[in-house]
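This is upload09.txt (compact mmCIF, C-alpha atoms and all ligand atoms).
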```
# COMPACT_ATOMS: atom_id res chain seq x y z
CA MET A 1 55.08 -10.20 22.43
CA GLU A 2 58.79 -9.89 23.15
CA VAL A 3 59.68 -6.66 24.95
CA LYS A 4 63.03 -5.23 25.94
CA PHE A 5 63.32 -2.82 28.88
CA ASN A 6 66.40 -0.71 29.41
CA ILE A 7 66.18 0.41 33.02
CA ARG A 8 68.33 3.00 34.73
CA ARG A 9 69.76 1.39 37.85
CA TYR A 10 71.40 3.06 40.82
CA ASN A 11 72.32 1.55 44.16
CA PRO A 12 73.86 4.00 46.64
CA GLU A 13 75.09 1.08 48.74
CA SER A 14 77.05 -0.62 46.01
CA THR A 15 80.84 -0.26 46.07
CA ASN A 16 80.70 1.35 42.64
CA ALA A 17 77.59 3.53 43.07
CA VAL A 18 77.15 4.91 39.57
CA SER A 19 73.95 5.15 37.64
CA HIS A 20 73.86 2.79 34.64
CA PHE A 21 71.38 1.07 32.32
CA GLN A 22 70.50 -2.61 32.55
CA GLU A 23 68.55 -4.46 29.88
CA TYR A 24 65.84 -7.06 30.50
CA GLN A 25 63.78 -9.07 28.06
CA LEU A 26 60.26 -10.32 28.77
CA ASP A 27 57.32 -11.93 27.09
CA MET A 28 54.27 -9.66 27.60
CA THR A 29 50.75 -9.44 26.22
CA ASN A 30 49.10 -6.60 24.33
CA ALA A 31 47.20 -5.66 27.48
CA SER A 32 50.29 -5.44 29.71
CA THR A 33 51.29 -2.15 31.24
CA VAL A 34 54.81 -0.90 31.85
CA LEU A 35 54.21 -1.53 35.55
CA ASP A 36 53.24 -5.17 34.82
CA GLY A 37 56.59 -5.54 33.09
CA LEU A 38 58.55 -3.95 35.93
CA ILE A 39 56.81 -6.06 38.57
CA GLU A 40 57.51 -9.18 36.54
CA ILE A 41 61.18 -8.24 36.35
CA ARG A 42 61.31 -7.68 40.10
CA GLU A 43 59.45 -10.88 40.95
CA GLU A 44 60.77 -13.28 38.31
CA VAL A 45 64.07 -11.98 36.98
CA ASP A 46 65.89 -9.58 39.28
CA GLY A 47 64.71 -9.06 42.85
CA THR A 48 67.14 -6.19 43.36
CA LEU A 49 65.09 -3.80 41.17
CA SER A 50 63.51 -1.10 43.34
CA LEU A 51 60.37 0.78 42.37
CA ARG A 52 57.28 2.25 44.02
CA CYS A 53 53.74 1.22 43.20
CA SER A 54 50.53 0.50 45.01
CA CYS A 55 47.08 0.83 43.44
CA ARG A 56 47.95 -0.21 39.87
CA SER A 57 44.94 1.88 38.82
CA ALA A 58 46.27 5.45 38.37
CA ILE A 59 44.92 6.49 41.77
CA CYS A 60 47.74 6.50 44.31
CA GLY A 61 50.27 8.43 42.21
CA SER A 62 53.21 6.35 43.39
CA CYS A 63 54.45 4.86 40.10
CA ALA A 64 55.44 8.04 38.22
CA MET A 65 58.66 7.61 36.27
CA ARG A 66 60.15 8.54 32.91
CA ILE A 67 59.15 6.22 30.11
CA ASN A 68 61.08 6.84 26.89
CA GLY A 69 62.15 10.21 28.29
CA GLN A 70 58.70 11.48 29.32
CA ALA A 71 57.11 11.31 32.76
CA GLY A 72 54.00 9.24 33.26
CA LEU A 73 52.37 6.58 35.40
CA ALA A 74 53.77 3.14 34.70
CA CYS A 75 50.44 1.58 35.68
CA ASN A 76 48.38 3.41 33.06
CA THR A 77 50.93 3.22 30.25
CA LYS A 78 50.42 0.22 28.01
CA ILE A 79 53.59 -1.36 26.70
CA ILE A 80 52.15 -1.50 23.21
CA ASP A 81 51.79 2.30 23.21
CA VAL A 82 55.44 2.99 24.05
CA LEU A 83 57.19 0.06 22.41
CA PRO A 84 59.58 1.42 19.76
CA LYS A 85 58.71 0.07 16.31
CA ASP A 86 62.34 -0.71 15.49
CA GLY A 87 62.58 -3.31 18.26
CA SER A 88 64.75 -1.16 20.51
CA PRO A 89 64.08 -1.28 24.25
CA ILE A 90 61.63 0.85 26.23
CA ILE A 91 63.77 3.23 28.29
CA ILE A 92 62.74 3.44 31.94
CA GLU A 93 64.22 6.07 34.26
CA PRO A 94 63.30 7.54 37.63
CA ALA A 95 61.22 10.75 37.76
CA GLY A 96 63.34 13.84 37.25
CA ASN A 97 63.90 16.97 39.33
CA LEU A 98 63.78 15.05 42.62
CA PRO A 99 66.74 13.48 44.45
CA LEU A 100 67.38 9.88 43.47
CA ILE A 101 67.27 7.31 46.26
CA LYS A 102 67.61 3.98 44.45
CA ASP A 103 66.79 2.68 40.95
CA LEU A 104 63.31 4.11 40.14
CA ILE A 105 62.68 5.56 43.60
CA VAL A 106 63.07 9.29 44.16
CA ASP A 107 62.82 11.33 47.36
CA PHE A 108 59.48 13.20 47.44
CA GLU A 109 60.38 15.39 50.41
CA PRO A 110 61.21 18.48 48.25
CA PHE A 111 57.88 17.92 46.47
CA TRP A 112 55.89 17.87 49.73
CA GLU A 113 57.85 20.81 51.11
CA LYS A 114 56.67 22.95 48.19
CA VAL A 115 53.08 21.73 48.51
CA ARG A 116 53.18 22.59 52.22
CA ALA A 117 54.59 26.03 51.35
CA VAL A 118 51.31 27.03 49.66
CA ASP A 119 49.27 26.31 52.83
CA PRO A 120 47.08 23.62 51.25
CA TRP A 121 44.11 24.00 53.58
CA LEU A 122 41.11 26.33 53.77
CA LYS A 123 41.56 29.54 55.74
CA PRO A 124 38.11 30.97 56.46
CA GLU A 125 37.82 34.24 58.37
CA GLY A 126 35.59 35.08 61.30
CA GLU A 127 33.70 32.81 63.63
CA GLU A 128 33.94 29.10 63.20
CA PRO A 129 30.90 27.96 61.18
CA GLU A 130 28.31 26.10 63.22
CA ALA A 131 27.62 23.71 60.39
CA GLU A 132 29.36 22.59 57.28
CA TYR A 133 29.88 25.45 54.79
CA LEU A 134 28.26 24.19 51.60
CA ALA A 135 29.65 25.93 48.53
CA PRO A 136 27.33 26.33 45.53
CA ASN A 137 28.01 23.64 42.96
CA GLU A 138 28.68 26.15 40.15
CA ASP A 139 31.40 27.83 42.24
CA MET A 140 33.21 24.54 42.65
CA LEU A 141 32.98 23.17 39.11
CA HIS A 142 36.12 24.97 37.92
CA LEU A 143 38.05 23.16 40.65
CA ALA A 144 37.00 19.67 39.55
CA GLU A 145 40.08 18.99 37.41
CA VAL A 146 42.54 20.53 39.81
CA MET A 147 41.10 18.53 42.69
CA SER A 148 41.74 15.33 40.76
CA CYS A 149 45.50 15.76 41.20
CA ILE A 150 46.95 12.57 42.66
CA MET A 151 50.28 14.16 43.63
CA CYS A 152 52.22 11.82 41.37
CA GLY A 153 54.95 14.35 40.56
CA SER A 154 54.98 13.71 36.79
CA CYS A 155 54.65 17.44 36.15
CA VAL A 156 57.48 18.21 38.54
CA SER A 157 59.64 15.54 36.92
CA ASP A 158 59.45 17.19 33.52
CA CYS A 159 59.16 20.88 34.44
CA THR A 160 61.76 22.71 32.37
CA VAL A 161 62.18 25.50 34.94
CA LEU A 162 62.88 23.07 37.78
CA GLU A 163 65.65 21.59 35.62
CA VAL A 164 67.55 24.84 36.07
CA ASP A 165 66.04 26.32 39.23
CA GLN A 166 65.19 23.95 42.07
CA ASP A 167 63.73 26.85 44.09
CA PHE A 168 60.77 27.28 41.71
CA LEU A 169 57.59 26.20 43.50
CA GLY A 170 56.74 24.07 40.50
CA PRO A 171 53.56 22.99 38.74
CA ALA A 172 52.07 20.64 41.35
CA ALA A 173 52.35 23.07 44.26
CA LEU A 174 51.06 25.97 42.16
CA ALA A 175 48.11 23.92 40.91
CA LYS A 176 47.39 23.10 44.56
CA ALA A 177 47.60 26.81 45.40
CA TYR A 178 45.01 27.56 42.71
CA ARG A 179 42.72 24.96 44.25
CA PHE A 180 42.53 27.10 47.42
CA VAL A 181 42.64 30.55 45.81
CA GLY A 182 39.68 29.49 43.69
CA ASP A 183 37.66 28.06 46.58
CA PRO A 184 34.77 30.31 47.66
CA ARG A 185 35.14 29.11 51.27
CA ASP A 186 38.66 30.50 51.54
CA ASP A 187 39.28 34.07 52.76
CA ALA A 188 43.05 34.31 52.43
CA ASN A 189 43.39 35.14 48.74
CA ASP A 190 45.33 38.37 49.29
CA SER A 191 48.05 36.78 51.37
CA ARG A 192 48.11 33.66 49.20
CA LEU A 193 48.51 35.69 46.00
CA LYS A 194 51.13 37.91 47.62
CA MET A 195 53.23 34.86 48.46
CA LEU A 196 52.74 33.31 45.00
CA ASN A 197 53.65 36.62 43.37
CA GLU A 198 57.12 36.57 44.88
CA SER A 199 60.16 35.15 43.11
CA ASN A 200 60.07 31.36 42.62
CA GLY A 201 56.28 31.63 42.23
CA ILE A 202 53.79 32.12 39.43
CA TRP A 203 55.97 34.40 37.31
CA ASP A 204 58.83 31.93 37.00
CA CYS A 205 56.89 29.53 34.77
CA THR A 206 58.07 29.75 31.15
CA ARG A 207 54.82 28.33 29.75
CA CYS A 208 56.55 25.38 28.10
CA MET A 209 53.34 23.32 28.53
CA GLN A 210 55.26 20.20 29.51
CA CYS A 211 53.28 19.83 32.75
CA ILE A 212 50.03 19.83 30.77
CA GLU A 213 51.46 17.25 28.39
CA VAL A 214 52.48 14.75 31.07
CA CYS A 215 49.78 15.14 33.72
CA PRO A 216 47.79 11.89 33.80
CA LYS A 217 44.75 13.55 35.39
CA GLY A 218 44.08 16.57 33.20
CA VAL A 219 44.98 19.04 35.95
CA ALA A 220 46.72 21.32 33.42
CA PRO A 221 48.99 22.99 36.00
CA MET A 222 50.23 25.65 33.58
CA ASP A 223 46.68 26.86 32.96
CA ARG A 224 46.21 27.17 36.74
CA ILE A 225 49.42 29.18 36.98
CA MET A 226 48.18 31.54 34.27
CA ALA A 227 44.86 31.88 36.12
CA LEU A 228 46.77 32.75 39.30
CA ARG A 229 48.69 35.44 37.39
CA ASP A 230 45.37 36.94 36.23
CA LYS A 231 44.02 36.82 39.76
CA ALA A 232 47.12 38.53 41.15
CA MET A 233 46.85 41.31 38.55
CA GLU A 234 43.10 41.70 39.17
CA ALA A 235 43.82 41.96 42.89
CA GLY A 236 46.10 44.93 42.14
CA GLN A 237 49.31 43.06 42.99
CA LYS A 238 51.25 44.53 40.09
CA SER A 239 54.55 45.60 41.59
CA THR A 240 56.49 42.48 40.68
CA ASN A 241 58.95 41.98 37.85
CA GLY A 242 56.63 39.35 36.42
CA SER A 243 53.48 41.45 36.27
CA ARG A 244 55.41 44.47 35.01
CA HIS A 245 56.98 42.26 32.35
CA ALA A 246 53.55 40.97 31.23
CA ASN A 247 52.17 44.52 31.04
CA ALA A 248 55.26 45.89 29.25
CA PHE A 249 55.09 43.03 26.75
CA SER A 250 51.46 43.60 25.83
CA ASP A 251 51.82 47.41 25.87
CA SER A 252 54.67 47.17 23.38
CA VAL A 253 52.85 44.81 21.02
CA LYS A 254 49.68 46.87 21.29
CA HIS A 255 51.53 50.10 20.56
CA SER A 256 53.85 49.08 17.70
CA GLY A 257 52.75 45.60 16.65
CA TRP A 258 55.94 43.98 17.91
CA LEU A 259 58.18 43.74 20.92
CA ASP A 260 60.44 46.61 21.96
CA GLU A 261 63.23 44.48 23.41
CA LEU A 262 65.18 47.51 24.57
CA LYS A 263 62.43 48.87 26.77
CA LEU A 264 61.14 45.50 27.96
CA PRO A 265 63.80 44.85 30.63
CA LEU A 266 63.76 48.50 31.71
CA LYS A 267 60.02 48.38 32.28
CA SER A 268 60.08 44.89 33.81
CA PHE A 269 62.72 45.63 36.44
CA GLY A 270 61.95 49.34 36.82
CA ILE A 271 64.45 51.91 35.57
CA PHE A 272 65.39 52.95 39.12
CA ASN A 273 66.34 49.40 40.04
CA ILE A 274 70.05 50.16 39.79
CA LYS A 275 71.17 46.65 40.76
CA ALA A 276 69.05 45.06 38.01
CA MET A 277 70.15 47.66 35.47
CA ILE A 278 73.83 46.97 36.23
CA GLY A 279 73.10 43.24 35.99
CA LEU A 280 71.79 43.78 32.46
CA ILE A 281 75.02 45.39 31.22
CA PRO A 282 76.82 42.07 30.36
CA LEU A 283 73.72 40.95 28.45
CA GLY A 284 73.70 44.26 26.54
CA ILE A 285 77.40 43.86 25.68
CA ARG A 286 76.90 40.27 24.49
CA ALA A 287 73.92 41.36 22.37
CA GLN A 288 75.97 44.19 20.85
CA LEU A 289 78.94 41.89 20.10
CA ASN A 290 76.70 39.28 18.47
CA GLY A 291 74.76 41.75 16.36
CA LYS A 292 71.60 41.15 18.40
CA ARG A 293 71.15 44.58 19.93
CA PRO A 294 67.58 45.72 19.41
CA PRO A 295 67.14 48.99 17.46
CA ILE A 296 67.41 52.13 19.60
CA PHE A 297 64.51 53.73 17.76
CA HIS A 298 61.67 51.24 17.85
CA LYS A 299 59.37 51.69 14.84
CA SER A 300 55.85 50.35 14.41
CA ILE A 301 55.32 47.59 11.89
CA PRO A 302 53.07 48.27 8.90
CA GLY A 303 49.50 47.48 9.93
CA ALA A 304 50.17 48.06 13.65
CA LYS A 305 46.78 49.77 13.83
CA ASN A 306 45.17 46.40 13.09
CA VAL A 307 47.01 44.89 16.05
CA ARG A 308 45.67 47.75 18.20
CA LYS A 309 42.16 46.97 16.98
CA ILE A 310 42.57 43.36 18.12
CA PHE A 311 43.71 44.56 21.55
CA ASP A 312 40.76 46.99 21.75
CA LYS A 313 38.32 44.24 20.85
CA VAL A 314 39.76 41.84 23.41
CA GLU A 315 39.89 44.50 26.11
CA SER A 316 36.30 45.59 25.48
CA GLY A 317 35.20 41.96 25.71
CA LYS A 318 33.82 41.84 22.17
S1 LIG B 401 54.50 25.24 31.88
FE1 LIG B 401 55.58 26.20 33.60
S2 LIG B 401 55.17 24.90 35.37
FE2 LIG B 401 54.60 23.74 33.53
S3 LIG B 401 56.40 22.52 33.05
FE3 LIG B 401 56.59 24.42 31.85
S4 LIG B 401 57.74 25.83 33.14
FE4 LIG B 401 57.07 24.14 34.47
S1 LIG B 402 49.23 18.04 38.56
FE1 LIG B 402 49.05 16.11 37.42
S2 LIG B 402 51.15 15.49 37.03
FE2 LIG B 402 51.21 17.03 38.64
S3 LIG B 402 51.19 15.91 40.54
FE3 LIG B 402 49.05 16.38 40.06
S4 LIG B 402 48.30 14.63 38.89
FE4 LIG B 402 50.52 14.45 38.92
S1 LIG B 403 50.44 2.30 41.09
FE1 LIG B 403 49.10 3.80 41.87
S2 LIG B 403 49.16 5.34 40.37
FE2 LIG B 403 50.33 3.74 39.49
```

Can you dump the structure from the file as structure tokens?
Amino acid sequence: MEVKFNIRRYNPESTNAVSHFQEYQLDMTNASTVLDGLIEIREEVDGTLSLRCSCRSAICGSCAMRINGQAGLACNTKIIDVLPKDGSPIIIEPAGNLPLIKDLIVDFEPFWEKVRAVDPWLKPEGEEPEAEYLAPNEDMLHLAEVMSCIMCGSCVSDCTVLEVDQDFLGPAALAKAYRFVGDPRDDANDSRLKMLNESNGIWDCTRCMQCIEVCPKGVAPMDRIMALRDKAMEAGQKSTNGSRHANAFSDSVKHSGWLDELKLPLKSFGIFNIKAMIGLIPLGIRAQLNGKRPPIFHKSIPGAKNVRKIFDKVESGK
């Protein structure tokens, strides 16, 4: 099978260090993976191509890159599954949202820095245990998927918030945080949740689901982030913009059947937060000028009582 690869190249040491695409053509089999193709290029065609790989079995997490615009492991992506039907090349690019070093190699230091920021180790209280602390199996089952994270960075590569805000802790670090918050042997939940509740933490996720889509190990980072939000609220840590926003959103829909966009920012930031209120003025002006200002008198939709019934049912656990 003839396969074309269009690979994004970048060499910081070249005299003209600009990122560009280079095309290669290979003869591959139906069983070949993208990584097989890249290794063949490096070994047989162009020894200057730089990439990371090790296990070739979706274990080490080192071969994450963008394949046709979406992050994934080159070693568990079969060429046949990503080969465009019209004969155009497979597009290979380095993972996103991390600094580029060379060709398909990115700098993982910002990734590890964020993982370290969530204190990824158990913090038990009291005396050191005399023997190993064995957690009941049923208490650990919900951590099985999250513990299978191989730190490949695919989720970070394609996180839509990290595209615009590099300070966001990001899906991998937050999934790692959940792994410890959810561990019965850990006694630091309050301080962990407090840290995660701050800006750049759990409330900055926009729930785009991209991290769930690209994770090769079923970790579902976004679901872990939502679980951390629930845990923070249950722990009474509600004085953040994010938790106030979530409450204001559901209160509005419960009350009138739809969102009161005028009150939402006031309730989320707190009406006495003068700085935030002043910051909202340009947005208000733009909304007014573009005919998007929400109605001053927010009316319930017909049938709002049915929406309330749904809320009541959910809240009563029925
Ligand atoms: S769901 Fe949240 S964490 Fe996941 S990719 Fe989207 S914004 Fe990032
Ligand atoms: S959560 Fe999934 S995509 Fe993200 S680093 Fe872990 S294994 Fe990779
Ligand atoms: S080479 Fe190890 S995960 Fe792909």

Within 10 Å of Phe168 in chain A using all atoms listed in the file, minus same-chain residues under 3 positions, as a list in words: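 Using all atoms listed in the file, the neighbours found are Lys114, Cys159, Val161, Leu162, Glu163, Val164, Asp165, Pro171, Ala173, Leu174, Ser199, Asn200, Gly201, Ile202, Trp203, Asp204 and Cys205 of chain A.
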
Can you tell me, as lines of an AutoDock Vina configuration file, the centre and edge lengths (Å, one decimal) of the axis-aligned box enclosing all of range 173-185 of chain A's listed atoms after padding each side by 8 Å?
```
center_x = 43.6
center_y = 26.8
center_z = 46.1
size_x = 33.6
size_y = 23.5
size_z = 26.4
```

Distance criterion (only C-alpha atoms and all ligand atoms): nearest to ligand LIG 402 (chain B) out of A:Ala17, A:Ile285, A:Ala246, A:Met222: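 Of A:Ala17, A:Ile285, A:Ala246, A:Met222, the one nearest ligand LIG 402 (chain B) is A:Met222, counting only C-alpha atoms and all ligand atoms.
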
Please identify all polymer residues lying at most 12 Å from the point (59.1, -5.3, 43.6) (file coordinates), using all atoms listed in the file, and present the result as a list of chain:residue names.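 I get A:Leu35, A:Asp36, A:Gly37, A:Leu38, A:Ile39, A:Glu40, A:Ile41, A:Arg42, A:Glu43, A:Glu44, A:Val45, A:Asp46, A:Gly47, A:Thr48, A:Leu49, A:Ser50, A:Leu51, A:Arg52, A:Cys53, A:Ser54, A:Cys63, A:Asp103, A:Leu104, A:Ile105 for the residues within 12 Å of that point.
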
Writer output for current selection, C-alpha atoms, as a short mmCIF file (atom, residue, chain, number, x, y, z; two decimals), in the coordinates of the input:
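Contents of part.cif, freshly written:
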```cif
data_model
loop_
_atom_site.label_atom_id
_atom_site.label_comp_id
_atom_site.auth_asym_id
_atom_site.auth_seq_id
_atom_site.Cartn_x
_atom_site.Cartn_y
_atom_site.Cartn_z
CA LEU A 35 54.21 -1.53 35.55
CA ASP A 36 53.24 -5.17 34.82
CA GLY A 37 56.59 -5.54 33.09
CA LEU A 38 58.55 -3.95 35.93
CA ILE A 39 56.81 -6.06 38.57
CA GLU A 40 57.51 -9.18 36.54
CA ILE A 41 61.18 -8.24 36.35
CA ARG A 42 61.31 -7.68 40.10
CA GLU A 43 59.45 -10.88 40.95
CA GLU A 44 60.77 -13.28 38.31
CA VAL A 45 64.07 -11.98 36.98
CA ASP A 46 65.89 -9.58 39.28
CA GLY A 47 64.71 -9.06 42.85
CA THR A 48 67.14 -6.19 43.36
CA LEU A 49 65.09 -3.80 41.17
CA SER A 50 63.51 -1.10 43.34
CA LEU A 51 60.37 0.78 42.37
CA ARG A 52 57.28 2.25 44.02
CA CYS A 53 53.74 1.22 43.20
CA SER A 54 50.53 0.50 45.01
CA CYS A 63 54.45 4.86 40.10
CA ASP A 103 66.79 2.68 40.95
CA LEU A 104 63.31 4.11 40.14
CA ILE A 105 62.68 5.56 43.60
#
```

In Å, with one decimal, what is the gap from CA of Glu93 in chain A to CA of Asn16 in chain A?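 Computing it gives 19.1 Å between the two atoms.
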
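Taking all atoms listed in the file into account, ligand LIG 403 (chain B) lies nearest to A:Cys152 out of the set A:Ala276, A:Ile67, A:Met233, A:Cys152.
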
When you draw a straight line from CA of Lys238 in chain A to atom FE2 of ligand LIG 402 (chain B), how long is it in Å?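 Atom-to-atom, CA of Lys238 in chain A to atom FE2 of ligand LIG 402 (chain B), that is 27.5 Å.
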
Given 9 Å and all atoms listed in the file, residues near ligand LIG 403 (chain B) as a list in words: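 Residues satisfying the distance criterion: Leu35, Arg52, Cys53, Ser54, Cys55, Arg56, Ser57, Ala58, Ile59, Cys60, Gly61, Ser62, Cys63, Ala64, Leu73, Ala74, Cys75, Asn76, Ile150 and Cys152 of chain A.
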
Residue neighbourhood Arg179 in chain A, 12 Å, only C-alpha atoms, exclusion window fewer than 3 positions, as a ChimeraX atom specification: /A:115,118-122,139-149,172-176,182-186,189,192,219,221,224-225,227-228
